[in-house]
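Undergrad: One file is attached below, run07.tsv, containing TSV, C-alpha atoms.
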```tsv
chain	number	residue	atom	x	y	z
A	588	MET	CA	0.00	0.00	0.00
A	589	VAL	CA	1.58	3.23	-1.16
A	590	LEU	CA	0.71	6.24	0.95
A	591	GLY	CA	0.07	9.43	-0.98
A	592	ALA	CA	2.57	12.20	-1.55
A	593	PRO	CA	2.53	15.33	-3.72
A	594	VAL	CA	2.36	15.22	-7.50
A	595	GLU	CA	4.06	17.64	-9.87
A	596	ALA	CA	3.02	18.91	-13.27
A	597	GLY	CA	4.95	16.16	-15.06
A	598	GLY	CA	3.97	13.26	-12.80
A	599	PRO	CA	4.69	12.04	-9.30
A	600	GLY	CA	6.83	14.23	-7.07
A	601	ILE	CA	10.10	12.80	-5.80
A	602	GLU	CA	8.63	11.29	-2.62
A	603	LEU	CA	5.71	9.67	-4.42
A	604	ARG	CA	8.09	8.37	-7.08
A	605	GLU	CA	10.34	6.82	-4.43
A	606	ARG	CA	7.36	5.17	-2.75
A	607	LEU	CA	6.06	3.83	-6.06
A	608	LEU	CA	9.46	2.45	-7.04
A	609	ALA	CA	9.73	0.73	-3.65
A	610	ALA	CA	6.26	-0.81	-4.17
A	611	LYS	CA	7.23	-1.97	-7.66
A	612	ARG	CA	10.35	-3.67	-6.29
A	613	LEU	CA	8.19	-5.46	-3.71
A	614	PHE	CA	5.73	-6.48	-6.44
A	615	ASP	CA	8.51	-7.67	-8.78
A	616	ARG	CA	10.04	-9.78	-6.00
A	617	GLY	CA	6.66	-11.38	-5.31
A	618	VAL	CA	6.41	-9.87	-1.83
A	619	ALA	CA	3.31	-7.84	-2.71
A	620	PRO	CA	0.78	-9.54	-5.02
A	621	ARG	CA	-1.03	-6.25	-5.62
A	622	VAL	CA	-0.43	-2.56	-5.05
A	623	ILE	CA	-2.97	-0.14	-3.63
A	624	ILE	CA	-2.11	3.51	-4.17
A	625	LEU	CA	-3.72	5.96	-1.77
A	626	GLY	CA	-4.30	9.66	-2.28
A	627	GLY	CA	-6.79	12.10	-3.70
A	628	ALA	CA	-6.33	15.25	-5.72
A	629	PRO	CA	-5.12	17.98	-3.40
A	630	HIS	CA	-6.94	21.29	-3.68
A	631	GLU	CA	-9.30	19.79	-6.25
A	632	GLY	CA	-6.45	19.40	-8.73
A	633	PRO	CA	-7.00	17.58	-12.01
A	634	THR	CA	-5.07	14.39	-11.14
A	635	SER	CA	-5.17	12.44	-7.91
A	636	GLU	CA	-1.99	11.17	-6.32
A	637	ALA	CA	-3.32	7.61	-6.76
A	638	ALA	CA	-4.11	8.02	-10.48
A	639	CYS	CA	-0.74	9.66	-11.09
A	640	GLY	CA	0.91	6.74	-9.29
A	641	ARG	CA	-1.03	4.18	-11.32
A	642	ASP	CA	0.00	5.86	-14.57
A	643	PHE	CA	3.64	5.93	-13.42
A	644	LEU	CA	3.66	2.23	-12.49
A	645	THR	CA	1.94	1.13	-15.70
A	646	SER	CA	4.50	3.15	-17.68
A	647	LEU	CA	7.12	0.95	-15.98
A	648	GLY	CA	5.34	-2.20	-17.14
A	649	MET	CA	3.29	-3.09	-14.07
A	650	PRO	CA	-0.01	-4.69	-15.09
A	651	THR	CA	-3.02	-2.44	-14.54
A	652	GLU	CA	-5.00	-5.27	-12.97
A	653	ALA	CA	-2.42	-5.51	-10.15
A	654	ILE	CA	-3.07	-1.88	-9.14
A	655	THR	CA	-5.96	-0.49	-7.11
A	656	VAL	CA	-6.38	3.24	-6.53
A	657	GLU	CA	-8.10	5.05	-3.69
A	658	GLU	CA	-8.63	8.65	-4.81
A	659	HIS	CA	-10.73	10.22	-2.05
A	660	SER	CA	-8.34	10.68	0.86
A	661	ARG	CA	-6.65	13.99	1.54
A	662	HIS	CA	-4.28	13.10	4.39
A	663	THR	CA	-2.64	10.14	6.12
A	664	LEU	CA	-5.52	9.33	8.47
A	665	GLU	CA	-7.99	9.30	5.57
A	666	ASN	CA	-5.50	7.20	3.53
A	667	LEU	CA	-5.59	4.54	6.21
A	668	ARG	CA	-9.31	4.76	6.99
A	669	ASN	CA	-10.12	4.35	3.31
A	670	LEU	CA	-7.56	1.55	2.99
A	671	ARG	CA	-9.34	-0.34	5.75
A	672	GLY	CA	-12.46	-0.34	3.59
A	673	LEU	CA	-10.54	-1.85	0.67
A	674	LEU	CA	-9.04	-4.73	2.63
A	675	SER	CA	-10.70	-8.08	2.70
A	676	PRO	CA	-11.57	-9.33	6.17
A	677	ARG	CA	-9.73	-12.46	5.05
A	678	GLU	CA	-6.41	-10.67	4.38
A	679	PRO	CA	-3.99	-13.42	5.43
A	680	THR	CA	-1.00	-11.29	6.34
A	681	PRO	CA	-0.26	-7.78	7.48
A	682	VAL	CA	-0.27	-5.18	4.74
A	683	LEU	CA	2.97	-3.48	3.78
A	684	LEU	CA	2.63	0.28	4.12
A	685	VAL	CA	5.16	1.96	1.85
A	686	THR	CA	6.24	5.37	3.07
A	687	HIS	CA	9.35	7.30	4.10
A	688	ARG	CA	11.20	6.77	7.37
A	689	TYR	CA	10.30	10.23	8.69
A	690	HIS	CA	6.60	9.38	8.24
A	691	ALA	CA	6.76	5.79	9.52
A	692	ALA	CA	6.10	6.35	13.25
A	693	ARG	CA	2.87	8.25	12.62
A	694	VAL	CA	1.72	5.81	9.94
A	695	ALA	CA	2.36	2.87	12.28
A	696	ALA	CA	0.51	4.57	15.16
A	697	LEU	CA	-2.50	5.41	13.00
A	698	ALA	CA	-2.61	1.93	11.43
A	699	SER	CA	-2.42	0.32	14.87
A	700	GLY	CA	-5.17	2.61	16.15
A	701	LEU	CA	-7.35	1.60	13.20
A	702	ARG	CA	-6.55	-2.07	13.84
A	703	ILE	CA	-4.93	-2.58	10.45
A	704	PRO	CA	-2.38	-5.39	10.70
A	705	HIS	CA	0.68	-3.91	9.05
A	706	ARG	CA	4.40	-3.68	8.52
A	707	ILE	CA	6.25	-0.62	7.29
A	708	ALA	CA	8.32	-0.75	4.11
A	709	ALA	CA	10.66	2.23	3.90
A	710	ALA	CA	10.88	3.93	0.52
A	711	ASP	CA	14.18	5.59	1.38
A	712	ARG	CA	17.52	4.17	2.46
A	713	PRO	CA	18.67	4.70	6.05
A	714	THR	CA	21.80	6.39	4.74
A	715	SER	CA	19.89	8.96	2.72
A	716	PRO	CA	16.70	9.90	4.57
A	717	ARG	CA	14.32	12.26	2.79
A	718	ALA	CA	13.53	14.36	5.85
A	719	GLY	CA	15.03	17.48	7.25
A	720	LEU	CA	14.44	18.83	10.71
A	721	VAL	CA	11.29	20.69	9.70
A	722	LYS	CA	9.62	17.51	8.40
A	723	LEU	CA	10.71	15.55	11.45
A	724	ALA	CA	9.39	18.23	13.79
A	725	HIS	CA	6.08	18.35	11.88
A	726	GLU	CA	5.68	14.56	12.10
A	727	ALA	CA	6.54	14.63	15.82
A	728	TYR	CA	3.92	17.36	16.34
A	729	LEU	CA	1.23	15.38	14.49
A	730	LEU	CA	2.11	12.15	16.28
A	731	HIS	CA	2.00	13.95	19.64
A	732	TRP	CA	-1.46	15.35	18.94
A	733	TYR	CA	-2.71	11.97	17.75
A	734	TYR	CA	-1.79	10.43	21.11
A	735	VAL	CA	-3.04	13.43	23.11
A	736	GLY	CA	-6.33	13.50	21.19
A	737	LYS	CA	-6.81	9.77	21.63
A	738	ALA	CA	-6.10	9.99	25.38
A	739	ILE	CA	-8.43	12.94	25.93
A	740	SER	CA	-11.20	11.36	23.84
A	741	THR	CA	-10.85	8.14	25.82
A	742	TRP	CA	-10.84	9.99	29.15
A	743	LEU	CA	-13.91	12.04	28.20
A	744	GLY	CA	-15.70	9.10	26.58
A	745	ARG	CA	-15.97	10.86	23.20
A	746	LYS	CA	-17.01	7.89	21.09
A	747	SER	CA	-17.53	9.98	17.96
A	748	SER	CA	-13.97	11.30	18.13
A	749	LEU	CA	-12.56	7.85	18.87
A	750	GLY	CA	-14.57	6.42	16.00
A	751	LYS	CA	-12.55	8.54	13.58
A	752	ILE	CA	-9.20	7.23	14.77
A	753	THR	CA	-9.88	3.69	15.97
```
How does this structure look as structure tokens?

TA:
Amino acid sequence: MVLGAPVEAGGPGIELRERLLAAKRLFDRGVAPRVIILGGAPHEGPTSEAACGRDFLTSLGMPTEAITVEEHSRHTLENLRNLRGLLSPREPTPVLLVTHRYHAARVAALASGLRIPHRIAAADRPTSPRAGLVKLAHEAYLLHWYYVGKAISTWLGRKSSLGKIT
């Protein structure tokens, strides 16, 4: 499962491209029998992240029937909530969530909260991470507020709020 990332005028942005190439390697090695690409069109743009990713992978020779797109999500939590609806209750193994290392902790926390059995597959190498301090700080901030929001919602018994993240 490839988590969304920005697209550019000519196709996938560098992060989306790296995630798609990682997913293709997993598919080619037989580790992933299918690829689900997650991500809508930001700001009502003409092409969704998922459709752009599908076009990129098919241009590399991946069969169209091995690719599923989810084009309605606008952020990571929606990516994962919508993914949950695409998974068969009979999924035999955890899904591989393809993302970057800087994003992995939040993705893992959200997937666990949504009870999606998963493993993380890093799109970048440990020796050349894609994140700078600003991205790391942003991810830490979002992860912090996920846990704080979950704790407060649990403490206050806010079932509607918990329903969005669990």

Undergrad: May I have the residues within 12 Å of Ser748 of chain A as a PDB file with C-alpha atoms, in the coordinates of the input, using only C-alpha atoms and disregarding those fewer than 3 positions away in the same chain?

TA:
```pdb
ATOM      1  CA  TYR A 733      -2.710  11.970  17.750  1.00  0.00           C
ATOM      2  CA  GLY A 736      -6.330  13.500  21.190  1.00  0.00           C
ATOM      3  CA  LYS A 737      -6.810   9.770  21.630  1.00  0.00           C
ATOM      4  CA  ALA A 738      -6.100   9.990  25.380  1.00  0.00           C
ATOM      5  CA  ILE A 739      -8.430  12.940  25.930  1.00  0.00           C
ATOM      6  CA  SER A 740     -11.200  11.360  23.840  1.00  0.00           C
ATOM      7  CA  THR A 741     -10.850   8.140  25.820  1.00  0.00           C
ATOM      8  CA  TRP A 742     -10.840   9.990  29.150  1.00  0.00           C
ATOM      9  CA  LEU A 743     -13.910  12.040  28.200  1.00  0.00           C
ATOM     10  CA  GLY A 744     -15.700   9.100  26.580  1.00  0.00           C
ATOM     11  CA  ARG A 745     -15.970  10.860  23.200  1.00  0.00           C
ATOM     12  CA  LYS A 751     -12.550   8.540  13.580  1.00  0.00           C
ATOM     13  CA  ILE A 752      -9.200   7.230  14.770  1.00  0.00           C
ATOM     14  CA  THR A 753      -9.880   3.690  15.970  1.00  0.00           C
TER      15      THR A 753
END
```

Undergrad: If you measure from atom CA of Lys722 of chain A to atom CA of Ala596 of chain A, what distance in Å do you get, rounded to one decimal?

TA: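 So the answer is 22.7 Å.
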
Undergrad: Between A:Leu674, A:Val594, A:Ile623, A:Leu608, which has the minimum distance to Cys639 of chain A (counting only C-alpha atoms)?

TA: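 Once distances to Cys639 of chain A are computed over only C-alpha atoms, the minimum belongs to A:Val594.
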
Undergrad: List as a compact mmCIF listing (two decimals) with C-alpha atoms, in the frame of the given file: which residues have an atom within 7 Å of (4.7, 5.9, -2.0), counting only C-alpha atoms?

TA:
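Contents of the output file result-v3.txt:
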```txt
# COMPACT_ATOMS: atom_id res chain seq x y z
CA VAL A 589 1.58 3.23 -1.16
CA LEU A 590 0.71 6.24 0.95
CA GLY A 591 0.07 9.43 -0.98
CA ALA A 592 2.57 12.20 -1.55
CA GLU A 602 8.63 11.29 -2.62
CA LEU A 603 5.71 9.67 -4.42
CA ARG A 604 8.09 8.37 -7.08
CA GLU A 605 10.34 6.82 -4.43
CA ARG A 606 7.36 5.17 -2.75
CA LEU A 607 6.06 3.83 -6.06
CA VAL A 685 5.16 1.96 1.85
CA THR A 686 6.24 5.37 3.07
CA ALA A 710 10.88 3.93 0.52
```

Undergrad: My list of candidates is A:Val735, A:Val721, A:Leu684, A:Asn669. Which is closest to Pro704 of chain A when distances are computed with only C-alpha atoms?

TA: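 Of A:Val735, A:Val721, A:Leu684, A:Asn669, the one nearest Pro704 of chain A, counting only C-alpha atoms, is A:Leu684.
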
Undergrad: Under the rule that all atoms listed in the file are counted, which of A:His659, A:Arg612, A:Lys746, A:Arg668 is the nearest residue to Ala698 of chain A?

TA: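 Residue with the minimum atom-to-atom distance to Ala698 of chain A: A:Arg668.
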
Undergrad: Just the number, please: distance in Å from atom CA of Thr645 of chain A to atom CA of Arg616 of chain A, one decimal.

TA: 16.7 Å

Undergrad: Around all the atoms of segment 707-712 of chain A listed in the file, with 6 Å of room on each side, what axis-aligned box do you get, giving centre and edge lengths in Å to one decimal, as lines of an AutoDock Vina configuration file?

TA:
```
center_x = 11.9
center_y = 2.4
center_z = 3.9
size_x = 23.3
size_y = 18.3
size_z = 18.8
```

Undergrad: With all atoms listed in the file as the basis for distance, which of A:Val622, A:Ala727, A:Ala628, A:Leu670 is at the shortest distance from Glu595 of chain A?

TA: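 Going through A:Val622, A:Ala727, A:Ala628, A:Leu670 one by one, the smallest distance to Glu595 of chain A is for A:Ala628.
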
Undergrad: Here's a test: counting only C-alpha atoms, identify every protein, DNA and RNA residue with an atom at most 12 Å from (-5.4, 11.5, -11.7) in the file's coordinate frame, and state them as an NGL selection string.

TA: :A and (593-599 or 624-629 or 631-643 or 656-659)

Undergrad: Could you tell me how far atom CA of Arg621 of chain A lies from atom CA of Leu729 of chain A, in Å and to one decimal?

TA: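 These two atoms are separated by 29.6 Å.
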
Undergrad: Set the distance at 12 Å and use all atoms listed in the file: which residues neighbour His731 of chain A once local chain neighbours fewer than 5 positions away are removed? I'd like the list as an MDAnalysis selection string.

TA: chainID A and resid 692:693 696:697 724:726 736:738

Undergrad: So which one's closest to Asp615 of chain A, A:Ser747, A:Met588, A:Pro681, A:Gly648? Using only C-alpha atoms, please.

TA: A:Gly648

Undergrad: Which residue is closest to Val694 of chain A? Choose from A:Leu720, A:Asn666, A:Ala610, A:Glu652 and count all atoms listed in the file.

TA: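 Between A:Leu720, A:Asn666, A:Ala610, A:Glu652, the residue approaching Val694 of chain A most closely is A:Asn666.
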
Undergrad: Missing atoms in segment 613-625 of chain A need filling: write out N, CA and C atoms for it as a JSON list (two decimals), in the frame of the given file.

TA:
```json
[["chain", "number", "residue", "atom", "x", "y", "z"],
["A", 613, "LEU", "N", 8.86, -4.44, -4.53],
["A", 613, "LEU", "CA", 8.19, -5.46, -3.71],
["A", 613, "LEU", "C", 7.29, -6.34, -4.58],
["A", 614, "PHE", "N", 6.58, -5.73, -5.52],
["A", 614, "PHE", "CA", 5.73, -6.48, -6.44],
["A", 614, "PHE", "C", 6.57, -7.41, -7.32],
["A", 615, "ASP", "N", 7.65, -6.88, -7.90],
["A", 615, "ASP", "CA", 8.51, -7.67, -8.78],
["A", 615, "ASP", "C", 9.14, -8.85, -8.07],
["A", 616, "ARG", "N", 9.44, -8.69, -6.78],
["A", 616, "ARG", "CA", 10.04, -9.78, -6.00],
["A", 616, "ARG", "C", 8.99, -10.77, -5.50],
["A", 617, "GLY", "N", 7.72, -10.49, -5.75],
["A", 617, "GLY", "CA", 6.66, -11.38, -5.31],
["A", 617, "GLY", "C", 6.25, -11.20, -3.85],
["A", 618, "VAL", "N", 6.75, -10.15, -3.22],
["A", 618, "VAL", "CA", 6.41, -9.87, -1.83],
["A", 618, "VAL", "C", 5.01, -9.28, -1.72],
["A", 619, "ALA", "N", 4.62, -8.48, -2.69],
["A", 619, "ALA", "CA", 3.31, -7.84, -2.71],
["A", 619, "ALA", "C", 2.57, -8.28, -3.97],
["A", 620, "PRO", "N", 1.50, -9.06, -3.84],
["A", 620, "PRO", "CA", 0.78, -9.54, -5.02],
["A", 620, "PRO", "C", -0.03, -8.46, -5.72],
["A", 621, "ARG", "N", -0.32, -7.38, -5.02],
["A", 621, "ARG", "CA", -1.03, -6.25, -5.62],
["A", 621, "ARG", "C", -0.57, -4.97, -4.93],
["A", 622, "VAL", "N", -0.83, -3.86, -5.58],
["A", 622, "VAL", "CA", -0.43, -2.56, -5.05],
["A", 622, "VAL", "C", -1.67, -1.69, -4.97],
["A", 623, "ILE", "N", -1.89, -1.12, -3.80],
["A", 623, "ILE", "CA", -2.97, -0.14, -3.63],
["A", 623, "ILE", "C", -2.31, 1.21, -3.43],
["A", 624, "ILE", "N", -2.67, 2.17, -4.26],
["A", 624, "ILE", "CA", -2.11, 3.51, -4.17],
["A", 624, "ILE", "C", -3.17, 4.43, -3.58],
["A", 625, "LEU", "N", -2.79, 5.13, -2.52],
["A", 625, "LEU", "CA", -3.72, 5.96, -1.77],
["A", 625, "LEU", "C", -3.45, 7.43, -2.01]]
```
